[in-house]
Amino acid sequence: MWRDRTDELSRLPNVKYVYVFENRGEEIGVTLSHPHGQIYAFPFVPPVLQRELAAEARHKRKTGRCLYCDLIQQEQAGVRKVLGGDRWIAFVPEFARWPYEVHLAPVAHRGGLLDLDEQDDESFAGTLKELLQKYDRLFDKPLPYVMAMHQRPPGRGNAQHHFHVEFYPPNRTKDKLKYLAGSELGAGAFILDARAEDTAAELRAL
């Protein structure tokens, strides 16, 4: 469904970006108790993705390599890796903004859902399920989250973009949420009281 809708919407002349995401939990502000997704077809590239694409383009010009491929190589045997195999890796990024934020990405360079092959799909499904099971075991309850898919914009450009899925659970403990405060809202500088290495170890052990 994600790929089908991405393909269909990408063909529309006024669509510049297809954004797939899923929400779960009342803490996220949803009224439905089960996980449910939405797909937005924007007539522009959203600001977060613009910044991501710009950083990737700068890295490509400077090094000739994909920024996210380099990041994955760094995380493969690192202490921030949560799980993964030959095709997919899940890790807590060093630059996480949420205490239990995790990025899930294909190890091979893929730009988006339309670039995944059958083996990618199978591995994606298994790795995604395993990650969500770890989330639910973290505090022994269904963990709320936003799941955001970052794929390349439609068209032949932005070949340097590496598809990945970002998870933002709002919990910092079982009973406490991470609220955005002055530094986050006013300056855009996220402050965490947890190291990525520690939260990754906690998730990895589940």
# chains A, B, ... in the order shown; residues from 1 in each chain; ligands from 1
call {"tool": "residues_around", "arguments": {"residues": "Arg110 in chain A", "least_positions_apart": "6", "cutoff": "10 Å", "atoms": "only C-alpha atoms", "output": "list of chain:residue names"}}
result
A:Cys69, A:Leu116, A:Asp117, A:Asp120, A:Gln151, A:Arg152, A:Ala159, A:Gln160, A:His161, A:His162, A:Phe163, A:His164
call {"tool": "select_by_dssp", "arguments": {"residues": "range 12-162 of chain A", "states": "strand (DSSP E)", "output": "ChimeraX atom specification"}}
result
/A:17-24,36-42,81-84,88-91,102-106,145-150
call {"tool": "closest_residue", "arguments": {"among": "A:Val102, A:Leu114, A:Ala201, A:Leu83", "to": "Thr6 in chain A", "atoms": "only C-alpha atoms"}}
result
A:Leu114
call {"tool": "atom_distance", "arguments": {"atom1": "CA of Gln76 in chain A", "atom2": "CA of Pro106 in chain A"}}
result
11.6 Å
call {"tool": "residues_around", "arguments": {"residues": "Val165 in chain A", "least_positions_apart": "4", "cutoff": "6 Å", "atoms": "only C-alpha atoms", "output": "PDB file with C-alpha atoms, in the first residue's frame"}}
result
ATOM      1  CA  HIS A 103      16.279   5.143  12.615  1.00  0.00           C
ATOM      2  CA  LEU A 104      15.595   2.090  10.448  1.00  0.00           C
ATOM      3  CA  ALA A 148       8.104   8.961   9.614  1.00  0.00           C
ATOM      4  CA  MET A 149       9.349   7.691   6.258  1.00  0.00           C
ATOM      5  CA  HIS A 150      12.012   9.864   4.649  1.00  0.00           C
TER       6      HIS A 150
END
call {"tool": "residues_around", "arguments": {"residues": "Leu131 in chain A", "least_positions_apart": "2", "cutoff": "12 Å", "atoms": "only C-alpha atoms", "output": "ChimeraX atom specification"}}
result
/A:81-84,88-92,100-104,124-129,133-138,143,147,165-167,200,203-206
call {"tool": "atom_distance", "arguments": {"atom1": "CA of Tyr168 in chain A", "atom2": "CA of Ala196 in chain A"}}
result
13.4 Å
call {"tool": "residues_around", "arguments": {"residues": "Leu192 in chain A", "least_positions_apart": "4", "cutoff": "9 Å", "atoms": "only C-alpha atoms", "output": "PDB file with N, CA and C atoms, in the first residue's frame"}}
result
ATOM      1  N   ALA A  96      20.074  12.044  18.054  1.00  0.00           N
ATOM      2  CA  ALA A  96      18.660  11.833  18.393  1.00  0.00           C
ATOM      3  C   ALA A  96      18.080  13.026  19.146  1.00  0.00           C
ATOM      4  N   ARG A  97      16.826  13.334  18.847  1.00  0.00           N
ATOM      5  CA  ARG A  97      16.114  14.418  19.515  1.00  0.00           C
ATOM      6  C   ARG A  97      15.143  13.901  20.577  1.00  0.00           C
ATOM      7  N   TRP A  98      14.808  12.612  20.499  1.00  0.00           N
ATOM      8  CA  TRP A  98      13.906  11.978  21.453  1.00  0.00           C
ATOM      9  C   TRP A  98      14.668  10.851  22.144  1.00  0.00           C
ATOM     10  N   PRO A  99      14.413  10.595  23.444  1.00  0.00           N
ATOM     11  CA  PRO A  99      15.216   9.626  24.192  1.00  0.00           C
ATOM     12  C   PRO A  99      15.319   8.246  23.533  1.00  0.00           C
ATOM     13  N   LYS A 178       8.509  13.239  27.152  1.00  0.00           N
ATOM     14  CA  LYS A 178       9.460  14.302  26.814  1.00  0.00           C
ATOM     15  C   LYS A 178       8.663  15.449  26.214  1.00  0.00           C
TER      16      LYS A 178
END
